[in-house]
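Student: Have a peek at entry-v4.pdb (PDB, C-alpha atoms).
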```pdb
ATOM      1  CA  MET M  74      -1.833  60.753 -15.303
ATOM      2  CA  THR M  75      -4.970  59.920 -13.309
ATOM      3  CA  THR M  76      -6.303  56.360 -12.899
ATOM      4  CA  ILE M  77      -9.200  57.092 -15.244
ATOM      5  CA  GLU M  78      -6.823  58.454 -17.906
ATOM      6  CA  ILE M  79      -4.709  55.283 -17.626
ATOM      7  CA  LEU M  80      -7.906  53.210 -18.031
ATOM      8  CA  GLY M  81      -8.838  55.202 -21.154
ATOM      9  CA  PHE M  82      -5.405  54.806 -22.729
ATOM     10  CA  THR M  83      -5.251  51.088 -21.849
ATOM     11  CA  SER M  84      -8.707  50.486 -23.351
ATOM     12  CA  ALA M  85      -7.779  52.401 -26.522
ATOM     13  CA  PHE M  86      -4.530  50.418 -26.764
ATOM     14  CA  LEU M  87      -6.374  47.090 -26.364
ATOM     15  CA  THR M  88      -9.196  47.749 -28.860
ATOM     16  CA  THR M  89      -6.704  49.135 -31.396
ATOM     17  CA  CYS M  90      -4.104  46.363 -31.041
ATOM     18  CA  SER M  91      -6.716  43.580 -30.998
ATOM     19  CA  PHE M  92      -6.910  43.806 -34.804
ATOM     20  CA  ILE M  93      -3.188  42.971 -35.153
ATOM     21  CA  PRO M  94      -3.560  39.184 -34.446
ATOM     22  CA  GLN M  95      -6.629  39.053 -36.732
ATOM     23  CA  ALA M  96      -4.775  40.789 -39.574
ATOM     24  CA  ILE M  97      -1.736  38.482 -39.099
ATOM     25  CA  GLN M  98      -3.975  35.378 -39.124
ATOM     26  CA  VAL M  99      -5.758  36.498 -42.298
ATOM     27  CA  ILE M 100      -2.464  37.365 -44.053
ATOM     28  CA  LYS M 101      -0.909  34.010 -43.043
ATOM     29  CA  THR M 102      -3.842  31.667 -43.682
ATOM     30  CA  LYS M 103      -5.686  33.723 -46.366
ATOM     31  CA  ASP M 104      -8.801  32.200 -44.754
ATOM     32  CA  THR M 105     -11.660  34.702 -44.368
ATOM     33  CA  GLU M 106     -14.608  32.268 -44.557
ATOM     34  CA  SER M 107     -16.057  33.030 -41.115
ATOM     35  CA  LEU M 108     -15.342  36.764 -41.260
ATOM     36  CA  SER M 109     -18.399  38.888 -42.024
ATOM     37  CA  LEU M 110     -18.012  41.078 -45.115
ATOM     38  CA  ALA M 111     -20.735  43.397 -43.769
ATOM     39  CA  MET M 112     -18.873  43.760 -40.463
ATOM     40  CA  TYR M 113     -15.568  44.761 -42.039
ATOM     41  CA  SER M 114     -17.232  47.090 -44.574
ATOM     42  CA  ILE M 115     -19.245  48.933 -41.908
ATOM     43  CA  PHE M 116     -16.409  48.888 -39.355
ATOM     44  CA  THR M 117     -13.810  50.273 -41.806
ATOM     45  CA  LEU M 118     -16.213  53.065 -42.793
ATOM     46  CA  GLY M 119     -16.853  53.872 -39.113
ATOM     47  CA  VAL M 120     -13.132  53.973 -38.292
ATOM     48  CA  ALA M 121     -12.545  56.294 -41.264
ATOM     49  CA  GLY M 122     -15.257  58.523 -39.787
ATOM     50  CA  TRP M 123     -13.522  58.472 -36.379
ATOM     51  CA  LEU M 124     -10.230  59.399 -38.062
ATOM     52  CA  VAL M 125     -11.803  62.454 -39.726
ATOM     53  CA  TYR M 126     -13.422  63.320 -36.366
ATOM     54  CA  GLY M 127     -10.011  63.126 -34.666
ATOM     55  CA  LEU M 128      -8.411  65.257 -37.407
ATOM     56  CA  VAL M 129     -11.078  67.959 -37.063
ATOM     57  CA  LYS M 130     -10.818  67.912 -33.252
ATOM     58  CA  GLN M 131      -6.987  67.805 -33.545
ATOM     59  CA  ASP M 132      -6.909  64.922 -31.039
ATOM     60  CA  ASN M 133      -3.565  63.163 -31.601
ATOM     61  CA  ALA M 134      -4.396  60.020 -29.585
ATOM     62  CA  MET M 135      -7.591  59.579 -31.587
ATOM     63  CA  ILE M 136      -5.806  60.189 -34.907
ATOM     64  CA  ALA M 137      -3.055  57.652 -34.096
ATOM     65  CA  ALA M 138      -5.416  54.935 -32.789
ATOM     66  CA  ASN M 139      -7.823  55.248 -35.725
ATOM     67  CA  MET M 140      -5.062  55.386 -38.336
ATOM     68  CA  ILE M 141      -3.636  52.077 -37.053
ATOM     69  CA  THR M 142      -7.092  50.472 -36.854
ATOM     70  CA  LEU M 143      -7.978  51.761 -40.334
ATOM     71  CA  VAL M 144      -4.862  50.161 -41.859
ATOM     72  CA  LEU M 145      -5.513  46.828 -40.092
ATOM     73  CA  SER M 146      -9.226  46.647 -40.912
ATOM     74  CA  SER M 147      -8.571  47.719 -44.533
ATOM     75  CA  VAL M 148      -6.052  44.868 -44.952
ATOM     76  CA  ILE M 149      -8.583  42.352 -43.551
ATOM     77  CA  LEU M 150     -11.404  43.807 -45.694
ATOM     78  CA  GLY M 151      -9.194  43.752 -48.808
ATOM     79  CA  ILE M 152      -8.314  40.049 -48.436
ATOM     80  CA  LYS M 153     -11.953  39.206 -47.583
ATOM     81  CA  LEU M 154     -13.173  41.014 -50.731
ATOM     82  CA  ARG M 155     -10.564  39.286 -52.925
ATOM     83  CA  ASN M 156     -11.548  35.866 -51.547
ATOM     84  CA  ASP M 157     -15.262  36.529 -52.037
ATOM     85  CA  VAL M 158     -14.687  37.612 -55.659
ATOM     86  CA  LYS M 159     -12.663  34.411 -56.229
ATOM     87  CA  ILE M 160     -15.464  32.246 -54.772
ATOM     88  CA  LYS M 161     -18.087  33.982 -56.934
ATOM     89  CA  ARG M 162     -15.966  33.512 -60.071
ATOM     90  CA  ALA M 163     -15.415  29.827 -59.272
ATOM     91  CA  ARG M 164     -19.182  29.356 -58.829
ATOM     92  CA  LEU M 165     -19.913  31.058 -62.162
ATOM     93  CA  ILE M 166     -17.462  28.715 -63.941
ATOM     94  CA  GLU M 167     -19.080  25.683 -62.266
ATOM     95  CA  GLU M 168     -22.563  26.659 -63.475
TER      96      GLU M 168
ATOM     97  CA  MET T 252     -26.236  69.307 -33.554
ATOM     98  CA  THR T 253     -23.099  70.429 -35.392
ATOM     99  CA  THR T 254     -21.679  68.627 -38.434
ATOM    100  CA  ILE T 255     -18.763  67.304 -36.371
ATOM    101  CA  GLU T 256     -21.145  65.957 -33.696
ATOM    102  CA  ILE T 257     -23.161  64.185 -36.404
ATOM    103  CA  LEU T 258     -19.904  62.690 -37.743
ATOM    104  CA  GLY T 259     -18.996  61.465 -34.244
ATOM    105  CA  PHE T 260     -22.400  59.894 -33.643
ATOM    106  CA  THR T 261     -22.468  58.306 -37.118
ATOM    107  CA  SER T 262     -18.978  56.836 -36.617
ATOM    108  CA  ALA T 263     -19.919  55.483 -33.166
ATOM    109  CA  PHE T 264     -23.102  53.995 -34.633
ATOM    110  CA  LEU T 265     -21.180  52.319 -37.497
ATOM    111  CA  THR T 266     -18.343  50.820 -35.409
ATOM    112  CA  THR T 267     -20.847  49.597 -32.785
ATOM    113  CA  CYS T 268     -23.381  48.131 -35.231
ATOM    114  CA  SER T 269     -20.695  46.517 -37.430
ATOM    115  CA  PHE T 270     -20.464  43.641 -34.921
ATOM    116  CA  ILE T 271     -24.156  42.767 -35.425
ATOM    117  CA  PRO T 272     -23.692  41.021 -38.841
ATOM    118  CA  GLN T 273     -20.587  39.206 -37.509
ATOM    119  CA  ALA T 274     -22.467  37.976 -34.426
ATOM    120  CA  ILE T 275     -25.439  36.872 -36.574
ATOM    121  CA  GLN T 276     -23.120  35.021 -38.999
ATOM    122  CA  VAL T 277     -21.327  33.220 -36.135
ATOM    123  CA  ILE T 278     -24.628  32.280 -34.424
ATOM    124  CA  LYS T 279     -26.102  30.986 -37.708
ATOM    125  CA  THR T 280     -23.102  29.120 -39.128
ATOM    126  CA  LYS T 281     -21.278  28.314 -35.838
ATOM    127  CA  ASP T 282     -18.148  28.741 -37.992
ATOM    128  CA  THR T 283     -15.366  30.633 -36.221
ATOM    129  CA  GLU T 284     -12.353  29.071 -38.000
ATOM    130  CA  SER T 285     -10.962  32.296 -39.475
ATOM    131  CA  LEU T 286     -11.780  34.456 -36.437
ATOM    132  CA  SER T 287      -8.755  35.234 -34.258
ATOM    133  CA  LEU T 288      -9.174  34.115 -30.627
ATOM    134  CA  ALA T 289      -6.528  36.664 -29.589
ATOM    135  CA  MET T 290      -8.437  39.457 -31.329
ATOM    136  CA  TYR T 291     -11.757  38.735 -29.628
ATOM    137  CA  SER T 292     -10.109  38.195 -26.218
ATOM    138  CA  ILE T 293      -8.173  41.478 -26.355
ATOM    139  CA  PHE T 294     -11.045  43.396 -27.990
ATOM    140  CA  THR T 295     -13.649  42.237 -25.430
ATOM    141  CA  LEU T 296     -11.300  43.220 -22.592
ATOM    142  CA  GLY T 297     -10.731  46.650 -24.194
ATOM    143  CA  VAL T 298     -14.467  47.277 -24.664
ATOM    144  CA  ALA T 299     -15.082  46.319 -21.007
ATOM    145  CA  GLY T 300     -12.435  48.924 -20.122
ATOM    146  CA  TRP T 301     -14.217  51.542 -22.265
ATOM    147  CA  LEU T 302     -17.510  50.687 -20.553
ATOM    148  CA  VAL T 303     -15.982  51.280 -17.094
ATOM    149  CA  TYR T 304     -14.433  54.514 -18.450
ATOM    150  CA  GLY T 305     -17.870  55.661 -19.683
ATOM    151  CA  LEU T 306     -19.473  54.747 -16.349
ATOM    152  CA  VAL T 307     -16.891  56.739 -14.379
ATOM    153  CA  LYS T 308     -17.192  59.709 -16.768
ATOM    154  CA  GLN T 309     -21.017  59.312 -16.734
ATOM    155  CA  ASP T 310     -21.040  59.536 -20.529
ATOM    156  CA  ASN T 311     -24.336  57.932 -21.622
ATOM    157  CA  ALA T 312     -23.456  57.617 -25.328
ATOM    158  CA  MET T 313     -20.212  55.841 -24.401
ATOM    159  CA  ILE T 314     -21.978  53.550 -21.913
ATOM    160  CA  ALA T 315     -24.671  52.569 -24.450
ATOM    161  CA  ALA T 316     -22.266  51.997 -27.365
ATOM    162  CA  ASN T 317     -19.836  49.940 -25.297
ATOM    163  CA  MET T 318     -22.561  47.877 -23.623
ATOM    164  CA  ILE T 319     -23.915  46.837 -27.054
ATOM    165  CA  THR T 320     -20.417  46.101 -28.395
ATOM    166  CA  LEU T 321     -19.525  44.161 -25.226
ATOM    167  CA  VAL T 322     -22.588  41.895 -25.604
ATOM    168  CA  LEU T 323     -21.868  41.280 -29.311
ATOM    169  CA  SER T 324     -18.137  40.606 -28.904
ATOM    170  CA  SER T 325     -18.782  38.386 -25.864
ATOM    171  CA  VAL T 326     -21.224  36.250 -27.891
ATOM    172  CA  ILE T 327     -18.645  35.888 -30.707
ATOM    173  CA  LEU T 328     -15.830  35.154 -28.200
ATOM    174  CA  GLY T 329     -17.997  32.592 -26.372
ATOM    175  CA  ILE T 330     -18.792  30.609 -29.544
ATOM    176  CA  LYS T 331     -15.146  30.855 -30.685
ATOM    177  CA  LEU T 332     -13.926  29.508 -27.314
ATOM    178  CA  ARG T 333     -16.463  26.645 -27.380
ATOM    179  CA  ASN T 334     -15.415  25.672 -30.910
ATOM    180  CA  ASP T 335     -11.705  25.788 -30.043
ATOM    181  CA  VAL T 336     -12.261  23.561 -26.982
ATOM    182  CA  LYS T 337     -14.198  21.101 -29.195
ATOM    183  CA  ILE T 338     -11.357  21.024 -31.764
ATOM    184  CA  LYS T 339      -8.740  20.444 -29.035
ATOM    185  CA  ARG T 340     -10.795  17.613 -27.520
ATOM    186  CA  ALA T 341     -11.264  15.982 -30.930
ATOM    187  CA  ARG T 342      -7.493  16.161 -31.524
ATOM    188  CA  LEU T 343      -6.755  14.585 -28.128
ATOM    189  CA  ILE T 344      -9.104  11.676 -28.924
ATOM    190  CA  GLU T 345      -7.428  11.190 -32.336
ATOM    191  CA  GLU T 346      -3.950  10.956 -30.781
TER     192      GLU T 346
END
```
Would you write the structure of this file as structure tokens?
Tutor:
Amino acid sequence: MTTIEILGFTSAFLTTCSFIPQAIQVIKTKDTESLSLAMYSIFTLGVAGWLVYGLVKQDNAMIAANMITLVLSSVILGIKLRNDVKIKRARLIEE
Amino acid sequence: MTTIEILGFTSAFLTTCSFIPQAIQVIKTKDTESLSLAMYSIFTLGVAGWLVYGLVKQDNAMIAANMITLVLSSVILGIKLRNDVKIKRARLIEE
């Protein structure tokens, strides 16, 4: 493997794995207040697009990285959505 | 441009731009409580790696996308770090 290939794989590993601590924190604390709903909606859609791109190009590294990221960002987005629905419901009851 | 190229560009656009609403939210609210410090540290490092990769490969789309993402994630990481230092200091004073 060349130096540049190692750099590519390391970068892919880092950007993919970075979502693990965020997903763990959200699962543990259930706190999603400062997470942007727009970010996770757009990001999850983009990663799904990358996954399809990888599948069409038959690029295994791309498929693996985007599958992991898609699972992690979907978990975060799911909890964020659930919390936001809860907050909206609570506000409606208050009014 | 082929359909698969359009998919690639759209996905790159979405994953890059997704950090804009998160950066805006953090700048506006200064709230970073539910953001993972580990995530933004690892992610920013990974994006810097991708930027170097793009520069070596002379891939303009990669350079542009990763430069934008690097700026956005650095802003979020910077505010998160500042807030965490503030919280630690406040705790030390309390003790």
Student: Excluding segment 108-124 of chain M and its own-chain neighbours fewer than 6 positions away, which residues fall within 6 Å of it when counting only C-alpha atoms? Please give them as a list of chain:residue names.
Tutor: M:Ile136, M:Asn139, M:Leu143, M:Ser146, M:Leu150, T:Ser262, T:Leu265, T:Thr266, T:Ser269, T:Phe270, T:Pro272, T:Gln273
Student: Take the selection from the previous step and output its residues with C-alpha atoms, as a PDB file, in the coordinates of the input.
Tutor:
```pdb
ATOM      1  CA  ILE M 136      -5.806  60.189 -34.907  1.00  0.00           C
ATOM      2  CA  ASN M 139      -7.823  55.248 -35.725  1.00  0.00           C
ATOM      3  CA  LEU M 143      -7.978  51.761 -40.334  1.00  0.00           C
ATOM      4  CA  SER M 146      -9.226  46.647 -40.912  1.00  0.00           C
ATOM      5  CA  LEU M 150     -11.404  43.807 -45.694  1.00  0.00           C
TER       6      LEU M 150
ATOM      7  CA  SER T 262     -18.978  56.836 -36.617  1.00  0.00           C
ATOM      8  CA  LEU T 265     -21.180  52.319 -37.497  1.00  0.00           C
ATOM      9  CA  THR T 266     -18.343  50.820 -35.409  1.00  0.00           C
ATOM     10  CA  SER T 269     -20.695  46.517 -37.430  1.00  0.00           C
ATOM     11  CA  PHE T 270     -20.464  43.641 -34.921  1.00  0.00           C
ATOM     12  CA  PRO T 272     -23.692  41.021 -38.841  1.00  0.00           C
ATOM     13  CA  GLN T 273     -20.587  39.206 -37.509  1.00  0.00           C
TER      14      GLN T 273
END
```
Student: How many Å lie between atom CA of Ile257 of chain T and atom CA of Tyr126 of chain M, rounded to one decimal?
Tutor: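 Between atom CA of Ile257 of chain T and atom CA of Tyr126 of chain M the gap is 9.8 Å.
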Student: Check the smallest atom-to-atom distance from each of T:Asn311, T:Ser285, T:Thr254, T:Gln276 to Val326 of chain T using all atoms listed in the file, then report the winner.
Tutor: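 Of all the options, T:Gln276 lies closest to Val326 of chain T.
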Student: Just need chain M moved onto chain T: least-squares over all Cα atoms matched in order, then output as a PDB file with C-alpha atoms, keeping the file's coordinate frame.
Tutor:
```pdb
ATOM      1  CA  MET M  74     -26.229  69.301 -33.513  1.00  0.00           C
ATOM      2  CA  THR M  75     -23.098  70.451 -35.352  1.00  0.00           C
ATOM      3  CA  THR M  76     -21.679  68.635 -38.402  1.00  0.00           C
ATOM      4  CA  ILE M  77     -18.771  67.303 -36.353  1.00  0.00           C
ATOM      5  CA  GLU M  78     -21.148  65.967 -33.677  1.00  0.00           C
ATOM      6  CA  ILE M  79     -23.182  64.195 -36.383  1.00  0.00           C
ATOM      7  CA  LEU M  80     -19.927  62.692 -37.735  1.00  0.00           C
ATOM      8  CA  GLY M  81     -19.007  61.463 -34.237  1.00  0.00           C
ATOM      9  CA  PHE M  82     -22.407  59.885 -33.630  1.00  0.00           C
ATOM     10  CA  THR M  83     -22.476  58.305 -37.112  1.00  0.00           C
ATOM     11  CA  SER M  84     -18.986  56.840 -36.626  1.00  0.00           C
ATOM     12  CA  ALA M  85     -19.922  55.477 -33.183  1.00  0.00           C
ATOM     13  CA  PHE M  86     -23.115  53.989 -34.645  1.00  0.00           C
ATOM     14  CA  LEU M  87     -21.191  52.319 -37.499  1.00  0.00           C
ATOM     15  CA  THR M  88     -18.355  50.822 -35.415  1.00  0.00           C
ATOM     16  CA  THR M  89     -20.848  49.597 -32.799  1.00  0.00           C
ATOM     17  CA  CYS M  90     -23.380  48.116 -35.242  1.00  0.00           C
ATOM     18  CA  SER M  91     -20.697  46.517 -37.437  1.00  0.00           C
ATOM     19  CA  PHE M  92     -20.460  43.650 -34.928  1.00  0.00           C
ATOM     20  CA  ILE M  93     -24.154  42.766 -35.421  1.00  0.00           C
ATOM     21  CA  PRO M  94     -23.693  41.020 -38.845  1.00  0.00           C
ATOM     22  CA  GLN M  95     -20.592  39.212 -37.512  1.00  0.00           C
ATOM     23  CA  ALA M  96     -22.453  37.977 -34.423  1.00  0.00           C
ATOM     24  CA  ILE M  97     -25.437  36.863 -36.577  1.00  0.00           C
ATOM     25  CA  GLN M  98     -23.118  35.004 -38.989  1.00  0.00           C
ATOM     26  CA  VAL M  99     -21.323  33.225 -36.139  1.00  0.00           C
ATOM     27  CA  ILE M 100     -24.616  32.280 -34.421  1.00  0.00           C
ATOM     28  CA  LYS M 101     -26.096  30.988 -37.713  1.00  0.00           C
ATOM     29  CA  THR M 102     -23.095  29.127 -39.138  1.00  0.00           C
ATOM     30  CA  LYS M 103     -21.270  28.309 -35.847  1.00  0.00           C
ATOM     31  CA  ASP M 104     -18.138  28.735 -37.999  1.00  0.00           C
ATOM     32  CA  THR M 105     -15.350  30.644 -36.220  1.00  0.00           C
ATOM     33  CA  GLU M 106     -12.338  29.085 -37.993  1.00  0.00           C
ATOM     34  CA  SER M 107     -10.954  32.311 -39.477  1.00  0.00           C
ATOM     35  CA  LEU M 108     -11.764  34.460 -36.444  1.00  0.00           C
ATOM     36  CA  SER M 109      -8.753  35.234 -34.258  1.00  0.00           C
ATOM     37  CA  LEU M 110      -9.157  34.117 -30.640  1.00  0.00           C
ATOM     38  CA  ALA M 111      -6.513  36.671 -29.594  1.00  0.00           C
ATOM     39  CA  MET M 112      -8.427  39.459 -31.353  1.00  0.00           C
ATOM     40  CA  TYR M 113     -11.736  38.737 -29.638  1.00  0.00           C
ATOM     41  CA  SER M 114     -10.100  38.199 -26.225  1.00  0.00           C
ATOM     42  CA  ILE M 115      -8.170  41.487 -26.372  1.00  0.00           C
ATOM     43  CA  PHE M 116     -11.037  43.405 -28.005  1.00  0.00           C
ATOM     44  CA  THR M 117     -13.639  42.245 -25.443  1.00  0.00           C
ATOM     45  CA  LEU M 118     -11.297  43.233 -22.600  1.00  0.00           C
ATOM     46  CA  GLY M 119     -10.726  46.654 -24.205  1.00  0.00           C
ATOM     47  CA  VAL M 120     -14.459  47.268 -24.674  1.00  0.00           C
ATOM     48  CA  ALA M 121     -15.067  46.320 -21.027  1.00  0.00           C
ATOM     49  CA  GLY M 122     -12.433  48.922 -20.133  1.00  0.00           C
ATOM     50  CA  TRP M 123     -14.211  51.541 -22.280  1.00  0.00           C
ATOM     51  CA  LEU M 124     -17.503  50.690 -20.558  1.00  0.00           C
ATOM     52  CA  VAL M 125     -15.989  51.283 -17.104  1.00  0.00           C
ATOM     53  CA  TYR M 126     -14.437  54.512 -18.454  1.00  0.00           C
ATOM     54  CA  GLY M 127     -17.863  55.649 -19.690  1.00  0.00           C
ATOM     55  CA  LEU M 128     -19.482  54.741 -16.348  1.00  0.00           C
ATOM     56  CA  VAL M 129     -16.891  56.735 -14.388  1.00  0.00           C
ATOM     57  CA  LYS M 130     -17.199  59.714 -16.759  1.00  0.00           C
ATOM     58  CA  GLN M 131     -21.022  59.316 -16.712  1.00  0.00           C
ATOM     59  CA  ASP M 132     -21.058  59.534 -20.527  1.00  0.00           C
ATOM     60  CA  ASN M 133     -24.348  57.927 -21.616  1.00  0.00           C
ATOM     61  CA  ALA M 134     -23.462  57.623 -25.325  1.00  0.00           C
ATOM     62  CA  MET M 135     -20.230  55.853 -24.410  1.00  0.00           C
ATOM     63  CA  ILE M 136     -21.987  53.553 -21.919  1.00  0.00           C
ATOM     64  CA  ALA M 137     -24.682  52.572 -24.456  1.00  0.00           C
ATOM     65  CA  ALA M 138     -22.268  52.007 -27.375  1.00  0.00           C
ATOM     66  CA  ASN M 139     -19.832  49.939 -25.302  1.00  0.00           C
ATOM     67  CA  MET M 140     -22.561  47.885 -23.630  1.00  0.00           C
ATOM     68  CA  ILE M 141     -23.918  46.840 -27.050  1.00  0.00           C
ATOM     69  CA  THR M 142     -20.424  46.107 -28.398  1.00  0.00           C
ATOM     70  CA  LEU M 143     -19.526  44.166 -25.239  1.00  0.00           C
ATOM     71  CA  VAL M 144     -22.580  41.900 -25.611  1.00  0.00           C
ATOM     72  CA  LEU M 145     -21.865  41.277 -29.320  1.00  0.00           C
ATOM     73  CA  SER M 146     -18.139  40.615 -28.915  1.00  0.00           C
ATOM     74  CA  SER M 147     -18.774  38.389 -25.861  1.00  0.00           C
ATOM     75  CA  VAL M 148     -21.212  36.249 -27.891  1.00  0.00           C
ATOM     76  CA  ILE M 149     -18.635  35.886 -30.707  1.00  0.00           C
ATOM     77  CA  LEU M 150     -15.825  35.154 -28.210  1.00  0.00           C
ATOM     78  CA  GLY M 151     -17.992  32.599 -26.376  1.00  0.00           C
ATOM     79  CA  ILE M 152     -18.781  30.607 -29.544  1.00  0.00           C
ATOM     80  CA  LYS M 153     -15.132  30.862 -30.687  1.00  0.00           C
ATOM     81  CA  LEU M 154     -13.919  29.509 -27.316  1.00  0.00           C
ATOM     82  CA  ARG M 155     -16.453  26.649 -27.374  1.00  0.00           C
ATOM     83  CA  ASN M 156     -15.399  25.674 -30.910  1.00  0.00           C
ATOM     84  CA  ASP M 157     -11.697  25.789 -30.039  1.00  0.00           C
ATOM     85  CA  VAL M 158     -12.253  23.571 -26.974  1.00  0.00           C
ATOM     86  CA  LYS M 159     -14.185  21.110 -29.183  1.00  0.00           C
ATOM     87  CA  ILE M 160     -11.348  21.013 -31.751  1.00  0.00           C
ATOM     88  CA  LYS M 161      -8.743  20.433 -29.023  1.00  0.00           C
ATOM     89  CA  ARG M 162     -10.810  17.608 -27.503  1.00  0.00           C
ATOM     90  CA  ALA M 163     -11.276  15.974 -30.913  1.00  0.00           C
ATOM     91  CA  ARG M 164      -7.504  16.135 -31.510  1.00  0.00           C
ATOM     92  CA  LEU M 165      -6.774  14.558 -28.115  1.00  0.00           C
ATOM     93  CA  ILE M 166      -9.140  11.654 -28.911  1.00  0.00           C
ATOM     94  CA  GLU M 167      -7.465  11.169 -32.314  1.00  0.00           C
ATOM     95  CA  GLU M 168      -3.993  10.900 -30.759  1.00  0.00           C
TER      96      GLU M 168
END
```
Student: Counting all atoms listed in the file, which of T:Ala312, T:Val322, T:Lys331, T:Ala341 gets nearest to chain M?
Tutor: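 The answer is T:Lys331, which sits nearest to chain M.
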Student: Considering only C-alpha atoms, state which residue in the set M:Glu78, M:Ile100, M:Ile141, M:Leu165 is at the smallest distance from Gly305 of chain T.
Tutor: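 Once distances to Gly305 of chain T are computed over only C-alpha atoms, the minimum belongs to M:Glu78.
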